[in-house]
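Down below is the structure, laid out as structure tokens.
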Amino acid sequence: MSTVVGDMLVFEHETSSRAAGGRWEGLFQKVVVVTSGAILLGIVCCALFAPWLAPRNPNTIHLFNPYMAPSHGFPFGQDSAGRDILSRLIYGARLSLLGPAIVVGIAFVAGVPLGFLAAYRGGWTDGVISRVFDVVFAFPPLLLAVVIVATFGASFQTAVVAVAITYIPLMGRVVRSAALVERSKPYVEECRLQGYGAWRVLFVHMMPNIARVLISQTTLYFAYGLLDLSALSFLGLGAQPPQIDWGGMLENANQGVFQSATGVVFPAVAIVLLVVSLNFLADWALDYESRKAGQR
Amino acid sequence: MSDAANTTPRAGRSLSLQEVTTYLRIGKELRPVIVRVDLEIQPGETVGLVGESGSGKSMTARTIAGVLPRGAVSEGALLLDGENLLEMSPRARRDVQAREIGFVFQDPRAYIDPLWRIGDHVTEAMRVHLGLSRAESRARAVELLDAVGIDQPERRMHQFPDELSGGMLQRVMIAGALSVDPSILLADEATTAVDVTTQAEIVQLLARLSAERGLSVLFITHDLALADIVCSRVCVMYAGRIVEVREGRQIFEDPAHPYTIDLLAARPTIEHRVARLPVIKGSPASAMDAPEGCPFHPRCRFAIDECLEGVPAMVSVRGGSARCFRAHEDLAAMAREQTATTGGDDAAQR
């Protein structure tokens, strides 16, 4: 919780300093936002149009050319089995986007109602939900995910569900604390006075009011989810061949890093670019919202 | 104003509190915030509830509206046209309250969802409770906004709360409270946060609505003079109890309870100049920390031994009632005498 509050505070601070900044800062922000948007769009396009964009079949093996440096036919080089790294990166965008999206989706759909319920009902409902969250929190998230995957067998689906389970309490707890603050606000009391049901108060009134928290957390967890899924794939517990994701590519290239670094560098760069641009965009989206509110 | 806003003229309803006591849960124990409150509001009547902060005014309104903090308990009889709301199932009570009781708060800016347009705020209850369509509810909302004196109501419907002034938002809040055509309106310090001109307008608005719609209004304020202008009857609260109830201007001209007498004496008047306004010694007690006996006795200049022993009952006195053992004596005259002989300064130091 405290780290999350920390994030929000940092964010607030950035917003105000940026608003007060000069035109260079404004220009810089525009460049950053446009670049981030372009990167994200590019990655999404890669995922959608992989068969048309990829120069080669990503799973075609060239056993006699492992760990080759970039060449005319293979601009990003070849991996341990001589497969085209560029094509694999393009195809890898699919699972690397889909995985975290499902993780965040599950965490949102389960965590938000649980957090709301805990905050709104309070009492023993809150006690039960919060204690269950605590139990999940007691395990290091990645370790818990590893245990789940080890129990149910390594696959992309298991990895996604396993990571999602560790994210539900994260989401739930943030939503609970935001909703607790919101619930004590007078307009919620006015809703109670008007006799509106819990559903209406929570999802029609309170949810838009904590949208900032939800948006920032969702983006943050998307980025974390990508990292966790990549870590699982890196450990061989995520997507299995012939499925391709960036974490798995790292694992594959790891052994030959001294023969050719491109197999490590490019997937790593792709992960970093996706995470960073997502964070910038979320930051900007929230910032935009407050700018709009300020103009009104 | 507009006819359609009055399309559902209805007989007003009477609200009656009989020995209502509300306890708040503090830690493991229940502690009273209002004690055996009797209150009667006839259809179309405006009753004032006056008292210091912590005297239980707001808690009385919250008890009526059923929005008490978690764990709070109310007992006694809270009768709306003879039906005891406190004996209903929570769901039934919620439905009755949502339809019959409107609530206007001191600070409309906090009580209106900041992300909702004015139109959505005013129409919400109509859509939820009356099942009106969007178009119907919007048409009615425009009429309501017009009826509460908001200019350009169509344009306001699309605006956000932060685009409106405090006085306008207070009108919006009243429009929202009236949207389901309740029979009771609880105005909790509804005019405290707005400037005097707006205050006068809001007060007139409430009076007009009360007259037009047969609305019963409980007008809560700490402003005695305002209560006197607005209300047909004024109840004075102290430490969670109603200590005096008087009709019309009587409370000003002929206060019976020592607390009311001192409260009135502590007001500045333009009739005569005083070096220092008299104050009531001590600090106000709430029902929770009220002393044994009459809760006002430590601060009362007329206290007798009897006052320490038991809580005085409500006694009829000169067309009203007061909760004082010496209510039948002319305490006001004695107070004037006392002040005249000892001087205003002395009263200030007591």
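In the structure tokens, chains take the letters A, B, ... in the order shown, each chain's residues start at 1, and ligands count up from 1 in the order shown.
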
Which residues of chain B sit at most 10 Å from chain A, using only C-alpha atoms? Give each one's shortest atom pair and distance in Å (one decimal place), in chain and ascending residue order, as JSON lines.
```
{"residue": "B:Arg62", "atom": "CA", "partner": "A:Leu193", "partner_atom": "CA", "distance": 9.4}
{"residue": "B:Ala65", "atom": "CA", "partner": "A:Leu193", "partner_atom": "CA", "distance": 6.9}
{"residue": "B:Gly66", "atom": "CA", "partner": "A:Leu193", "partner_atom": "CA", "distance": 7.6}
{"residue": "B:Val67", "atom": "CA", "partner": "A:Leu193", "partner_atom": "CA", "distance": 6.5}
{"residue": "B:Leu68", "atom": "CA", "partner": "A:Glu189", "partner_atom": "CA", "distance": 9.8}
{"residue": "B:Arg70", "atom": "CA", "partner": "A:Gly122", "partner_atom": "CA", "distance": 9.5}
{"residue": "B:Arg91", "atom": "CA", "partner": "A:Gly195", "partner_atom": "CA", "distance": 9.2}
{"residue": "B:Arg93", "atom": "CA", "partner": "A:Gly195", "partner_atom": "CA", "distance": 9.4}
{"residue": "B:Arg94", "atom": "CA", "partner": "A:Gly195", "partner_atom": "CA", "distance": 5.7}
{"residue": "B:Asp95", "atom": "CA", "partner": "A:Gly195", "partner_atom": "CA", "distance": 6.5}
{"residue": "B:Val96", "atom": "CA", "partner": "A:Gly195", "partner_atom": "CA", "distance": 9.0}
{"residue": "B:Gln97", "atom": "CA", "partner": "A:Gly195", "partner_atom": "CA", "distance": 7.4}
{"residue": "B:Ala98", "atom": "CA", "partner": "A:Gln194", "partner_atom": "CA", "distance": 4.9}
{"residue": "B:Arg99", "atom": "CA", "partner": "A:Gln194", "partner_atom": "CA", "distance": 8.0}
{"residue": "B:Ile101", "atom": "CA", "partner": "A:Leu193", "partner_atom": "CA", "distance": 8.6}
{"residue": "B:Gly102", "atom": "CA", "partner": "A:Gln194", "partner_atom": "CA", "distance": 8.0}
{"residue": "B:Phe103", "atom": "CA", "partner": "A:Leu193", "partner_atom": "CA", "distance": 7.5}
{"residue": "B:Val104", "atom": "CA", "partner": "A:Glu190", "partner_atom": "CA", "distance": 9.2}
{"residue": "B:Phe105", "atom": "CA", "partner": "A:Glu190", "partner_atom": "CA", "distance": 9.0}
{"residue": "B:Asp107", "atom": "CA", "partner": "A:Pro186", "partner_atom": "CA", "distance": 9.0}
{"residue": "B:Pro108", "atom": "CA", "partner": "A:Tyr187", "partner_atom": "CA", "distance": 8.9}
{"residue": "B:Arg109", "atom": "CA", "partner": "A:Tyr187", "partner_atom": "CA", "distance": 8.7}
{"residue": "B:Ala110", "atom": "CA", "partner": "A:Pro186", "partner_atom": "CA", "distance": 5.6}
{"residue": "B:Tyr111", "atom": "CA", "partner": "A:Tyr187", "partner_atom": "CA", "distance": 3.9}
{"residue": "B:Ile112", "atom": "CA", "partner": "A:Tyr187", "partner_atom": "CA", "distance": 5.1}
{"residue": "B:Asp113", "atom": "CA", "partner": "A:Tyr187", "partner_atom": "CA", "distance": 5.3}
{"residue": "B:Pro114", "atom": "CA", "partner": "A:Asn209", "partner_atom": "CA", "distance": 8.1}
{"residue": "B:Leu115", "atom": "CA", "partner": "A:Asn209", "partner_atom": "CA", "distance": 7.0}
{"residue": "B:Trp116", "atom": "CA", "partner": "A:His205", "partner_atom": "CA", "distance": 8.5}
{"residue": "B:Glu124", "atom": "CA", "partner": "A:Gln194", "partner_atom": "CA", "distance": 9.3}
{"residue": "B:Ala125", "atom": "CA", "partner": "A:Gln194", "partner_atom": "CA", "distance": 6.7}
{"residue": "B:Val128", "atom": "CA", "partner": "A:Tyr196", "partner_atom": "CA", "distance": 7.6}
{"residue": "B:His129", "atom": "CA", "partner": "A:Gly195", "partner_atom": "CA", "distance": 8.6}
{"residue": "B:Gln159", "atom": "CA", "partner": "A:Arg296", "partner_atom": "CA", "distance": 9.7}
{"residue": "B:Phe160", "atom": "CA", "partner": "A:Arg296", "partner_atom": "CA", "distance": 8.7}
{"residue": "B:Asp162", "atom": "CA", "partner": "A:Arg296", "partner_atom": "CA", "distance": 8.3}
{"residue": "B:Glu163", "atom": "CA", "partner": "A:Arg296", "partner_atom": "CA", "distance": 7.5}
{"residue": "B:Gly176", "atom": "CA", "partner": "A:Gln194", "partner_atom": "CA", "distance": 9.5}
{"residue": "B:Ala177", "atom": "CA", "partner": "A:Gln194", "partner_atom": "CA", "distance": 8.3}
{"residue": "B:Val180", "atom": "CA", "partner": "A:Gln194", "partner_atom": "CA", "distance": 9.5}
```

When you look at Val230 (chain B) with a cut-off of 7 Å (counting only C-alpha atoms), what residues show up, excluding the ones that are within fewer than 3 positions of it in the same chain? I need them as a list in words.
Val203, Leu226 and Ala227 of chain B

Polymer residues at most 9 Å from Gln240 (chain A), only C-alpha atoms, same-chain spacing of 6 or more positions, as an MDAnalysis selection string
chainID A and resid 154:156 233 248

Those in region 125-347 of chain B with helix (DSSP H, G or I) from DSSP, as number ranges by chain:
B: 125-129, 134-147, 153-157, 161-163, 166-178, 196-213, 224-230, 250-253, 258-265, 297-299, 305-309, 331-342, 344-347

Val149 (chain A): which residues within 10 Å, counting only C-alpha atoms, same-chain residues fewer than 4 positions away excluded, as a ChimeraX atom specification?
/A:143-145,153-163,232,237-238

What's around region 250-260 of chain A at 9 Å? Count only C-alpha atoms, leave out sequence neighbours fewer than 3 positions away in its own chain, and write the answer as a PyMOL selection string.
chain A and resi 66-69+77-80+230-231+233-236+245-247+263-268

Keeping only C-alpha atoms, write the selected residues to a file as a short mmCIF file (atom, residue, chain, number, x, y, z; two decimals), in the first residue's frame.
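What follows is the written file part-v3.cif:
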```cif
data_model
loop_
_atom_site.label_atom_id
_atom_site.label_comp_id
_atom_site.auth_asym_id
_atom_site.auth_seq_id
_atom_site.Cartn_x
_atom_site.Cartn_y
_atom_site.Cartn_z
CA PRO A 66 23.19 -20.56 -34.43
CA TYR A 67 23.95 -17.24 -32.69
CA MET A 68 24.71 -15.42 -35.95
CA ALA A 69 25.33 -11.71 -35.85
CA GLY A 77 20.71 -11.85 -36.12
CA GLN A 78 19.77 -15.46 -35.37
CA ASP A 79 19.14 -17.27 -32.10
CA SER A 80 20.43 -20.60 -30.71
CA SER A 230 8.67 -12.58 -18.86
CA ALA A 231 10.41 -13.79 -15.72
CA SER A 233 9.03 -17.53 -19.38
CA PHE A 234 12.69 -16.88 -18.67
CA LEU A 235 12.53 -19.68 -16.10
CA GLY A 236 10.89 -21.90 -18.69
CA ASP A 245 7.09 -14.40 -26.15
CA TRP A 246 9.86 -11.98 -25.33
CA GLY A 247 10.68 -13.50 -21.96
CA GLY A 263 19.29 -12.35 -28.88
CA VAL A 264 19.34 -10.84 -25.41
CA VAL A 265 19.46 -7.18 -26.28
CA PHE A 266 16.48 -6.91 -28.64
CA PRO A 267 13.82 -8.69 -26.55
CA ALA A 268 15.08 -6.83 -23.49
#
```

Go ahead and compute the interatomic distance for CA of Ala256 (chain B) and CA of Ala332 (chain B), in Å to one decimal.
6.9 Å
